[in-house]
Each structure stands twice: as structure tokens, then as C-alpha cells.
Amino acid sequence: MDDDLRNLTELDRLIHEPARLLIVTILSTVESADFLFLQRETDLTKGNLSAHLSKLENAGYVYIKKTFKGKLPLTVCKLTEAGQDAFESYRQQMQNFIEKTQS
Amino acid sequence: MENHDVKQVEQRVKRYWYSDGIAELASGGLFVLLGLYFWLQVIFGEGSIISAFLQVILLLVMIAGFIGVRWLVNTLKARLTYPRTGYIEYRVDDREVKQRRWIIVAAAAVVSGMSIVIEIYIRDLDSVILITGLLAGIIFIALRGRASGLKRFYALGGLAIVLGIALSLSSLSQVTDLALFFGFLGIVIVTSGAFVLRRYLSENPKPAGDNNG
């Protein structure tokens, strides 16, 4: 079996999960985004989004800063360098897999 | 995830900047301001002290206009957009900035060259308004339209090009051409921005209380 195909079993499962993949993809295109923007773009519930963000934060992929804007809480999320690297590596693995299966 | 999916997400994020019409309202307002500036020159006539003064302060008007637009956009977005649909800070992509600069330089060179050639064959052609129209059109189409994928920018670009060509062939003075070009295009951009803002506000009512984590 080809190495690229075998590498599929080594995919980063933390990113591979569809909701987290969408969160990481969005964050990879911006400097930072707040909770509300991510919630609207992903269509996840507050609880779900919080849970996924916590997992990404625990893995060191996302940096979360909780502040206040006036009296309202503001949660700003940013992809860390480790998160960016993990996402790039994931993309590369998936691309190689797709190319191999198409040819 | 395939590359084109990531590109789609990127484009959606870029499109978000234009989703509320605020950027258009402000930039259209700047165009209207420029139109008024040139119109004042038409009113006071060439050679008058006021006209000479207006020519001197053009750079100041432009700089103040850009600063004003930036302030207005940030203030309105902070009040209207971010509480409704969220805040994002855009990444400054050096490669994209360089690409954008090259597009503007290349477009300016091509348009200038073209207008010189056309001017040789067509007498009484106002090359300044032709260059302005073509450049504004290319910027709308190649930069805003391509980056965001929004069709209205292609339409605005097309309008700028048509307007530039039509005015360059008219027998009006150069300053009148510029006043009409910026004034008319500015009003169209403001109107487009106002419609987009109205739709955005009706589709996204302000959420009550904490909605941000």
C-alpha cells in the first residue's frame, strides 16, 4: 500500500472532526475571530462550540482570550502556530490522499 | 479538506467585510465628496483664488477623506455589525498586499498606454477621466470583486469604465468630467451600500444581552 494512503490512519483526529475542522479552517484565514462570528459561521450551538473550542485550546491549537466589551463578555479566538502547522499538515495529508485515489 | 473548500471559506470571510454595506457607504461618500470638490472648482472657475486654493488642498482633502472613511467604517462596524454577526480581525497577507500593488501598477501602466494611443486617434479625448474611469473599474473588478466574489462590485466596475469612456468623449471640461464621474459613481455606490445595509439590518436583528461566549 502506498505511504500516502497508509498515512491516512495517522490523520490528526482532533482536526479531522467536521465541526472542529470548520472552526480551524475559519481561524486559519483570519488573525482572530470572536465567539459570535464562529457560532454564526459554523451554525453550532453555544455549548457545542464551547466544547470544541476547549478541546482545541487544550491541544494548544487555539488561543482563547476572554475579555469584556463594556459589560458584555467578549471571547476572541486565534489559531496558534502549532494549530496552523497541524492544519497545514492535515491539509497536505488529505490532498495527497485525494490525488492518490483520483489517479 | 480540498483546497477549493478552503478558498471558499477564505472568500466567505473576505466577503464578510462587505456584508453590511458600510464600507461602500463610506467609500461612496468619499467619491461624492470628491465630486463636490471638483464641482466647486467648476463653480468658481479656472483662475479664481478659491479655485487655486482648492487645487492646493486636494492632497489634504484626499488624506482627510481616507482617514475619515477609515474612522467611519470602524465606528459603524463596532456599533452595527460586530454586536450582530461578530468580530474578526483580518490577517495582513504580505503576498496579497504585494499582488494588489502589482495589479494597480500594471493596470495604471496599461491604461495610461492605452489612453495615449487612443488619444492620438481620437481628438478632444479627455485622457485623465478615461484613466480614472478605467482604473476605478479595474480596481472594483480585479480587487474587490475577485477577492469577495460579489457580483455588485463587477457591476460597479463596469459602470466606472462606461462612465469614464463616455465622459472622456464628451465636450465638457476636464474638471466637470471629474465632478460628474465622482459625483455620479459616488451616489450609485452609496445607494448600493444603503440597500445592502438595510437588508443586513433586517436579516440580522441585534441580539439581546450576552451573545459572545
# chains A, B, ... in the order shown; residues from 1 in each chain; ligands from 1
call {"tool": "residues_around", "arguments": {"residues": "range 102-109 of chain B", "least_positions_apart": "3", "cutoff": "8 Å", "atoms": "only C-alpha atoms", "output": "PyMOL selection string"}}
result
chain B and resi 98-99+112-113+131+135+138-139+142
call {"tool": "write_last_selection", "arguments": {"atoms": "all heavy atoms", "output": "PDB file, in the first residue's frame"}}
result
ATOM      1  N   LYS B  98       1.346  42.673  -1.839  1.00  0.00           N
ATOM      2  CA  LYS B  98       2.253  42.857  -2.978  1.00  0.00           C
ATOM      3  C   LYS B  98       1.508  42.641  -4.290  1.00  0.00           C
ATOM      4  O   LYS B  98       1.642  43.412  -5.232  1.00  0.00           O
ATOM      5  CB  LYS B  98       3.416  41.862  -2.894  1.00  0.00           C
ATOM      6  CG  LYS B  98       4.625  42.417  -2.162  1.00  0.00           C
ATOM      7  CD  LYS B  98       5.747  41.417  -2.227  1.00  0.00           C
ATOM      8  CE  LYS B  98       6.797  41.798  -1.188  1.00  0.00           C
ATOM      9  NZ  LYS B  98       7.744  40.710  -0.949  1.00  0.00           N
ATOM     10  N   GLN B  99       0.693  41.574  -4.323  1.00  0.00           N
ATOM     11  CA  GLN B  99      -0.082  41.235  -5.526  1.00  0.00           C
ATOM     12  C   GLN B  99      -1.023  42.393  -5.886  1.00  0.00           C
ATOM     13  O   GLN B  99      -1.144  42.774  -7.042  1.00  0.00           O
ATOM     14  CB  GLN B  99      -0.880  39.973  -5.252  1.00  0.00           C
ATOM     15  CG  GLN B  99      -1.387  39.294  -6.498  1.00  0.00           C
ATOM     16  CD  GLN B  99      -2.264  38.092  -6.151  1.00  0.00           C
ATOM     17  OE1 GLN B  99      -2.732  37.953  -5.027  1.00  0.00           O
ATOM     18  NE2 GLN B  99      -2.492  37.243  -7.122  1.00  0.00           N
ATOM     19  N   SER B 112      -2.739  53.844 -18.977  1.00  0.00           N
ATOM     20  CA  SER B 112      -2.073  55.057 -19.462  1.00  0.00           C
ATOM     21  C   SER B 112      -1.622  54.880 -20.907  1.00  0.00           C
ATOM     22  O   SER B 112      -1.820  55.750 -21.747  1.00  0.00           O
ATOM     23  CB  SER B 112      -0.858  55.392 -18.590  1.00  0.00           C
ATOM     24  OG  SER B 112      -1.229  55.459 -17.255  1.00  0.00           O
ATOM     25  N   GLY B 113      -1.004  53.710 -21.171  1.00  0.00           N
ATOM     26  CA  GLY B 113      -0.541  53.410 -22.528  1.00  0.00           C
ATOM     27  C   GLY B 113      -1.691  53.424 -23.516  1.00  0.00           C
ATOM     28  O   GLY B 113      -1.611  54.040 -24.589  1.00  0.00           O
ATOM     29  N   ILE B 131      -8.500  57.509 -17.887  1.00  0.00           N
ATOM     30  CA  ILE B 131      -7.623  56.741 -16.990  1.00  0.00           C
ATOM     31  C   ILE B 131      -8.327  56.524 -15.648  1.00  0.00           C
ATOM     32  O   ILE B 131      -8.321  55.424 -15.100  1.00  0.00           O
ATOM     33  CB  ILE B 131      -6.276  57.483 -16.789  1.00  0.00           C
ATOM     34  CG1 ILE B 131      -5.477  57.467 -18.098  1.00  0.00           C
ATOM     35  CG2 ILE B 131      -5.459  56.853 -15.667  1.00  0.00           C
ATOM     36  CD1 ILE B 131      -4.229  58.331 -18.077  1.00  0.00           C
ATOM     37  N   LEU B 135      -9.224  52.857 -14.387  1.00  0.00           N
ATOM     38  CA  LEU B 135      -8.547  52.406 -13.165  1.00  0.00           C
ATOM     39  C   LEU B 135      -9.550  52.057 -12.065  1.00  0.00           C
ATOM     40  O   LEU B 135      -9.420  51.015 -11.412  1.00  0.00           O
ATOM     41  CB  LEU B 135      -7.612  53.503 -12.648  1.00  0.00           C
ATOM     42  CG  LEU B 135      -6.136  53.364 -13.002  1.00  0.00           C
ATOM     43  CD1 LEU B 135      -5.329  54.467 -12.361  1.00  0.00           C
ATOM     44  CD2 LEU B 135      -5.591  52.005 -12.573  1.00  0.00           C
ATOM     45  N   ILE B 138     -11.138  48.782 -12.970  1.00  0.00           N
ATOM     46  CA  ILE B 138     -10.244  47.624 -12.765  1.00  0.00           C
ATOM     47  C   ILE B 138     -10.105  47.330 -11.266  1.00  0.00           C
ATOM     48  O   ILE B 138     -10.119  46.180 -10.843  1.00  0.00           O
ATOM     49  CB  ILE B 138      -8.866  47.872 -13.428  1.00  0.00           C
ATOM     50  CG1 ILE B 138      -9.025  47.817 -14.959  1.00  0.00           C
ATOM     51  CG2 ILE B 138      -7.835  46.846 -12.975  1.00  0.00           C
ATOM     52  CD1 ILE B 138      -7.834  48.318 -15.734  1.00  0.00           C
ATOM     53  N   ILE B 139      -9.984  48.392 -10.458  1.00  0.00           N
ATOM     54  CA  ILE B 139      -9.844  48.183  -9.005  1.00  0.00           C
ATOM     55  C   ILE B 139     -11.095  47.513  -8.436  1.00  0.00           C
ATOM     56  O   ILE B 139     -11.008  46.570  -7.660  1.00  0.00           O
ATOM     57  CB  ILE B 139      -9.523  49.522  -8.295  1.00  0.00           C
ATOM     58  CG1 ILE B 139      -8.075  49.924  -8.612  1.00  0.00           C
ATOM     59  CG2 ILE B 139      -9.727  49.411  -6.785  1.00  0.00           C
ATOM     60  CD1 ILE B 139      -7.693  51.319  -8.206  1.00  0.00           C
ATOM     61  N   ALA B 142     -11.060  43.804 -10.311  1.00  0.00           N
ATOM     62  CA  ALA B 142      -9.937  42.904 -10.023  1.00  0.00           C
ATOM     63  C   ALA B 142      -9.659  42.764  -8.534  1.00  0.00           C
ATOM     64  O   ALA B 142      -9.228  41.705  -8.089  1.00  0.00           O
ATOM     65  CB  ALA B 142      -8.681  43.405 -10.738  1.00  0.00           C
TER      66      ALA B 142
END
call {"tool": "interface_residues", "arguments": {"of": "chain A", "to": "chain B", "cutoff": "8 Å", "atoms": "only C-alpha atoms", "output": "VMD selection string"}}
result
chain A and resid 25 to 26 29 to 38 40 46 50 72 to 75 91 94 to 95
call {"tool": "select_by_dssp", "arguments": {"residues": "chain A", "states": "strand (DSSP E or B)", "output": "ChimeraX atom specification"}}
result
/A:30-34,62-69,72-79
call {"tool": "atom_distance", "arguments": {"atom1": "CA of Asp177 in chain B", "atom2": "CA of Ile129 in chain B"}}
result
6.7 Å
call {"tool": "atom_distance", "arguments": {"atom1": "CA of Ser148 in chain B", "atom2": "CA of Leu197 in chain B"}}
result
16.7 Å
call {"tool": "select_by_dssp", "arguments": {"residues": "range 6-53 of chain A", "states": "alpha helix (DSSP H)", "output": "PDB file with N, CA and C atoms, in the first residue's frame"}}
result
ATOM      1  N   ARG A   6      -1.430   4.999   3.546  1.00  0.00           N
ATOM      2  CA  ARG A   6      -1.215   4.471   4.891  1.00  0.00           C
ATOM      3  C   ARG A   6      -1.205   5.613   5.918  1.00  0.00           C
ATOM      4  N   ARG A  13      -6.824  13.429  14.448  1.00  0.00           N
ATOM      5  CA  ARG A  13      -8.271  13.239  14.659  1.00  0.00           C
ATOM      6  C   ARG A  13      -8.928  14.446  15.314  1.00  0.00           C
ATOM      7  N   LEU A  14      -8.128  15.201  16.014  1.00  0.00           N
ATOM      8  CA  LEU A  14      -8.673  16.394  16.671  1.00  0.00           C
ATOM      9  C   LEU A  14      -9.169  17.396  15.618  1.00  0.00           C
ATOM     10  N   ILE A  15      -8.417  17.502  14.525  1.00  0.00           N
ATOM     11  CA  ILE A  15      -8.811  18.415  13.437  1.00  0.00           C
ATOM     12  C   ILE A  15      -9.785  17.730  12.496  1.00  0.00           C
ATOM     13  N   HIS A  16      -9.671  16.406  12.362  1.00  0.00           N
ATOM     14  CA  HIS A  16     -10.473  15.677  11.386  1.00  0.00           C
ATOM     15  C   HIS A  16     -11.981  15.763  11.671  1.00  0.00           C
ATOM     16  N   PRO A  18     -15.518  17.058  11.786  1.00  0.00           N
ATOM     17  CA  PRO A  18     -16.030  18.112  10.892  1.00  0.00           C
ATOM     18  C   PRO A  18     -16.224  19.490  11.526  1.00  0.00           C
ATOM     19  N   ALA A  19     -16.807  19.553  12.709  1.00  0.00           N
ATOM     20  CA  ALA A  19     -17.067  20.861  13.333  1.00  0.00           C
ATOM     21  C   ALA A  19     -15.754  21.564  13.669  1.00  0.00           C
ATOM     22  N   ARG A  20     -14.803  20.782  14.210  1.00  0.00           N
ATOM     23  CA  ARG A  20     -13.512  21.392  14.573  1.00  0.00           C
ATOM     24  C   ARG A  20     -12.724  21.759  13.318  1.00  0.00           C
ATOM     25  N   LEU A  21     -12.881  20.933  12.272  1.00  0.00           N
ATOM     26  CA  LEU A  21     -12.198  21.240  11.009  1.00  0.00           C
ATOM     27  C   LEU A  21     -12.695  22.585  10.464  1.00  0.00           C
ATOM     28  N   LEU A  22     -14.001  22.804  10.578  1.00  0.00           N
ATOM     29  CA  LEU A  22     -14.560  24.073  10.103  1.00  0.00           C
ATOM     30  C   LEU A  22     -14.049  25.250  10.957  1.00  0.00           C
ATOM     31  N   ILE A  23     -14.012  25.057  12.265  1.00  0.00           N
ATOM     32  CA  ILE A  23     -13.520  26.116  13.165  1.00  0.00           C
ATOM     33  C   ILE A  23     -12.068  26.463  12.813  1.00  0.00           C
ATOM     34  N   VAL A  24     -11.248  25.420  12.667  1.00  0.00           N
ATOM     35  CA  VAL A  24      -9.820  25.637  12.379  1.00  0.00           C
ATOM     36  C   VAL A  24      -9.648  26.279  10.998  1.00  0.00           C
ATOM     37  N   THR A  25     -10.467  25.848  10.029  1.00  0.00           N
ATOM     38  CA  THR A  25     -10.367  26.431   8.676  1.00  0.00           C
ATOM     39  C   THR A  25     -10.694  27.920   8.718  1.00  0.00           C
ATOM     40  N   ILE A  26     -11.757  28.268   9.433  1.00  0.00           N
ATOM     41  CA  ILE A  26     -12.126  29.690   9.539  1.00  0.00           C
ATOM     42  C   ILE A  26     -10.995  30.471  10.215  1.00  0.00           C
ATOM     43  N   LEU A  27     -10.511  29.927  11.328  1.00  0.00           N
ATOM     44  CA  LEU A  27      -9.469  30.651  12.068  1.00  0.00           C
ATOM     45  C   LEU A  27      -8.163  30.737  11.269  1.00  0.00           C
ATOM     46  N   SER A  28      -7.953  29.778  10.344  1.00  0.00           N
ATOM     47  CA  SER A  28      -6.714  29.815   9.551  1.00  0.00           C
ATOM     48  C   SER A  28      -6.721  30.956   8.536  1.00  0.00           C
ATOM     49  N   THR A  29      -7.904  31.496   8.269  1.00  0.00           N
ATOM     50  CA  THR A  29      -7.988  32.562   7.258  1.00  0.00           C
ATOM     51  C   THR A  29      -8.005  33.962   7.872  1.00  0.00           C
ATOM     52  N   PHE A  35     -16.373  34.739  19.363  1.00  0.00           N
ATOM     53  CA  PHE A  35     -17.250  33.578  19.549  1.00  0.00           C
ATOM     54  C   PHE A  35     -18.493  33.685  18.670  1.00  0.00           C
ATOM     55  N   LEU A  36     -19.074  34.885  18.644  1.00  0.00           N
ATOM     56  CA  LEU A  36     -20.310  35.097  17.886  1.00  0.00           C
ATOM     57  C   LEU A  36     -20.106  34.819  16.397  1.00  0.00           C
ATOM     58  N   PHE A  37     -19.000  35.304  15.847  1.00  0.00           N
ATOM     59  CA  PHE A  37     -18.718  35.083  14.429  1.00  0.00           C
ATOM     60  C   PHE A  37     -18.568  33.586  14.149  1.00  0.00           C
ATOM     61  N   LEU A  38     -17.812  32.910  15.014  1.00  0.00           N
ATOM     62  CA  LEU A  38     -17.601  31.469  14.819  1.00  0.00           C
ATOM     63  C   LEU A  38     -18.927  30.708  14.939  1.00  0.00           C
ATOM     64  N   GLN A  39     -19.751  31.128  15.880  1.00  0.00           N
ATOM     65  CA  GLN A  39     -21.035  30.445  16.081  1.00  0.00           C
ATOM     66  C   GLN A  39     -21.922  30.590  14.846  1.00  0.00           C
ATOM     67  N   ARG A  40     -21.931  31.785  14.284  1.00  0.00           N
ATOM     68  CA  ARG A  40     -22.764  32.026  13.097  1.00  0.00           C
ATOM     69  C   ARG A  40     -22.227  31.273  11.880  1.00  0.00           C
ATOM     70  N   GLU A  41     -20.923  31.266  11.742  1.00  0.00           N
ATOM     71  CA  GLU A  41     -20.333  30.629  10.563  1.00  0.00           C
ATOM     72  C   GLU A  41     -20.421  29.103  10.622  1.00  0.00           C
ATOM     73  N   THR A  42     -20.329  28.560  11.841  1.00  0.00           N
ATOM     74  CA  THR A  42     -20.345  27.097  11.961  1.00  0.00           C
ATOM     75  C   THR A  42     -21.747  26.547  12.186  1.00  0.00           C
ATOM     76  N   LYS A  46     -24.120  27.212  21.240  1.00  0.00           N
ATOM     77  CA  LYS A  46     -23.101  27.786  22.116  1.00  0.00           C
ATOM     78  C   LYS A  46     -22.311  26.700  22.844  1.00  0.00           C
ATOM     79  N   GLY A  47     -23.076  25.733  23.393  1.00  0.00           N
ATOM     80  CA  GLY A  47     -22.452  24.662  24.165  1.00  0.00           C
ATOM     81  C   GLY A  47     -21.510  23.828  23.318  1.00  0.00           C
ATOM     82  N   ASN A  48     -21.976  23.482  22.113  1.00  0.00           N
ATOM     83  CA  ASN A  48     -21.155  22.684  21.203  1.00  0.00           C
ATOM     84  C   ASN A  48     -19.880  23.408  20.819  1.00  0.00           C
ATOM     85  N   LEU A  49     -20.044  24.688  20.459  1.00  0.00           N
ATOM     86  CA  LEU A  49     -18.882  25.461  20.036  1.00  0.00           C
ATOM     87  C   LEU A  49     -17.885  25.586  21.195  1.00  0.00           C
ATOM     88  N   SER A  50     -18.403  25.847  22.389  1.00  0.00           N
ATOM     89  CA  SER A  50     -17.532  25.957  23.564  1.00  0.00           C
ATOM     90  C   SER A  50     -16.740  24.676  23.770  1.00  0.00           C
ATOM     91  N   ALA A  51     -17.446  23.545  23.633  1.00  0.00           N
ATOM     92  CA  ALA A  51     -16.793  22.253  23.863  1.00  0.00           C
ATOM     93  C   ALA A  51     -15.678  22.020  22.833  1.00  0.00           C
ATOM     94  N   HIS A  52     -15.967  22.307  21.586  1.00  0.00           N
ATOM     95  CA  HIS A  52     -14.958  22.104  20.535  1.00  0.00           C
ATOM     96  C   HIS A  52     -13.779  23.057  20.720  1.00  0.00           C
ATOM     97  N   LEU A  53     -14.086  24.288  21.085  1.00  0.00           N
ATOM     98  CA  LEU A  53     -13.006  25.265  21.292  1.00  0.00           C
ATOM     99  C   LEU A  53     -12.126  24.843  22.467  1.00  0.00           C
TER     100      LEU A  53
END
call {"tool": "closest_residue", "arguments": {"among": "B:Val42, B:Tyr37, B:Thr81, B:Ile165", "to": "Leu60 in chain B", "atoms": "only C-alpha atoms"}}
result
B:Tyr37
call {"tool": "decode", "arguments": {"residues": "range 22-43 of chain B", "atoms": "N, CA and C atoms", "output": "short mmCIF file (atom, residue, chain, number, x, y, z; two decimals), in the first residue's frame"}}
result
data_model
loop_
_atom_site.label_atom_id
_atom_site.label_comp_id
_atom_site.auth_asym_id
_atom_site.auth_seq_id
_atom_site.Cartn_x
_atom_site.Cartn_y
_atom_site.Cartn_z
N ILE B 22 -21.40 48.87 4.81
CA ILE B 22 -20.82 50.06 5.46
C ILE B 22 -19.59 50.58 4.70
N ALA B 23 -18.75 49.66 4.25
CA ALA B 23 -17.55 50.07 3.51
C ALA B 23 -17.93 50.82 2.23
N GLU B 24 -19.01 50.34 1.57
CA GLU B 24 -19.46 51.02 0.36
C GLU B 24 -20.04 52.39 0.67
N LEU B 25 -20.84 52.45 1.74
CA LEU B 25 -21.43 53.75 2.13
C LEU B 25 -20.32 54.78 2.34
N ALA B 26 -19.27 54.36 3.05
CA ALA B 26 -18.19 55.30 3.37
C ALA B 26 -17.37 55.65 2.14
N SER B 27 -17.00 54.64 1.33
CA SER B 27 -16.18 54.94 0.15
C SER B 27 -17.00 55.69 -0.90
N GLY B 28 -18.29 55.37 -0.99
CA GLY B 28 -19.17 56.12 -1.91
C GLY B 28 -19.29 57.57 -1.46
N GLY B 29 -19.35 57.75 -0.13
CA GLY B 29 -19.40 59.11 0.43
C GLY B 29 -18.16 59.90 0.06
N LEU B 30 -17.01 59.20 0.09
CA LEU B 30 -15.75 59.87 -0.27
C LEU B 30 -15.77 60.29 -1.75
N PHE B 31 -16.33 59.42 -2.59
CA PHE B 31 -16.45 59.74 -4.02
C PHE B 31 -17.35 60.98 -4.20
N VAL B 32 -18.46 61.01 -3.46
CA VAL B 32 -19.38 62.15 -3.56
C VAL B 32 -18.65 63.43 -3.12
N LEU B 33 -17.88 63.32 -2.05
CA LEU B 33 -17.10 64.45 -1.54
C LEU B 33 -16.12 64.96 -2.61
N LEU B 34 -15.47 64.00 -3.30
CA LEU B 34 -14.55 64.38 -4.37
C LEU B 34 -15.30 65.04 -5.52
N GLY B 35 -16.49 64.51 -5.82
CA GLY B 35 -17.33 65.10 -6.86
C GLY B 35 -17.68 66.55 -6.51
N LEU B 36 -18.04 66.77 -5.24
CA LEU B 36 -18.38 68.13 -4.78
C LEU B 36 -17.16 69.05 -4.87
N TYR B 37 -16.01 68.48 -4.51
CA TYR B 37 -14.75 69.25 -4.57
C TYR B 37 -14.51 69.76 -6.01
N PHE B 38 -14.65 68.84 -6.98
CA PHE B 38 -14.43 69.25 -8.37
C PHE B 38 -15.55 70.18 -8.86
N TRP B 39 -16.76 69.96 -8.32
CA TRP B 39 -17.88 70.81 -8.72
C TRP B 39 -17.66 72.25 -8.25
N LEU B 40 -17.08 72.39 -7.05
CA LEU B 40 -16.76 73.73 -6.54
C LEU B 40 -15.77 74.44 -7.47
N GLN B 41 -14.81 73.64 -7.99
CA GLN B 41 -13.84 74.21 -8.94
C GLN B 41 -14.54 74.70 -10.21
N VAL B 42 -15.55 73.93 -10.64
CA VAL B 42 -16.32 74.31 -11.83
C VAL B 42 -17.05 75.63 -11.55
N ILE B 43 -17.68 75.69 -10.35
CA ILE B 43 -18.47 76.88 -9.99
C ILE B 43 -17.60 78.13 -9.93
#
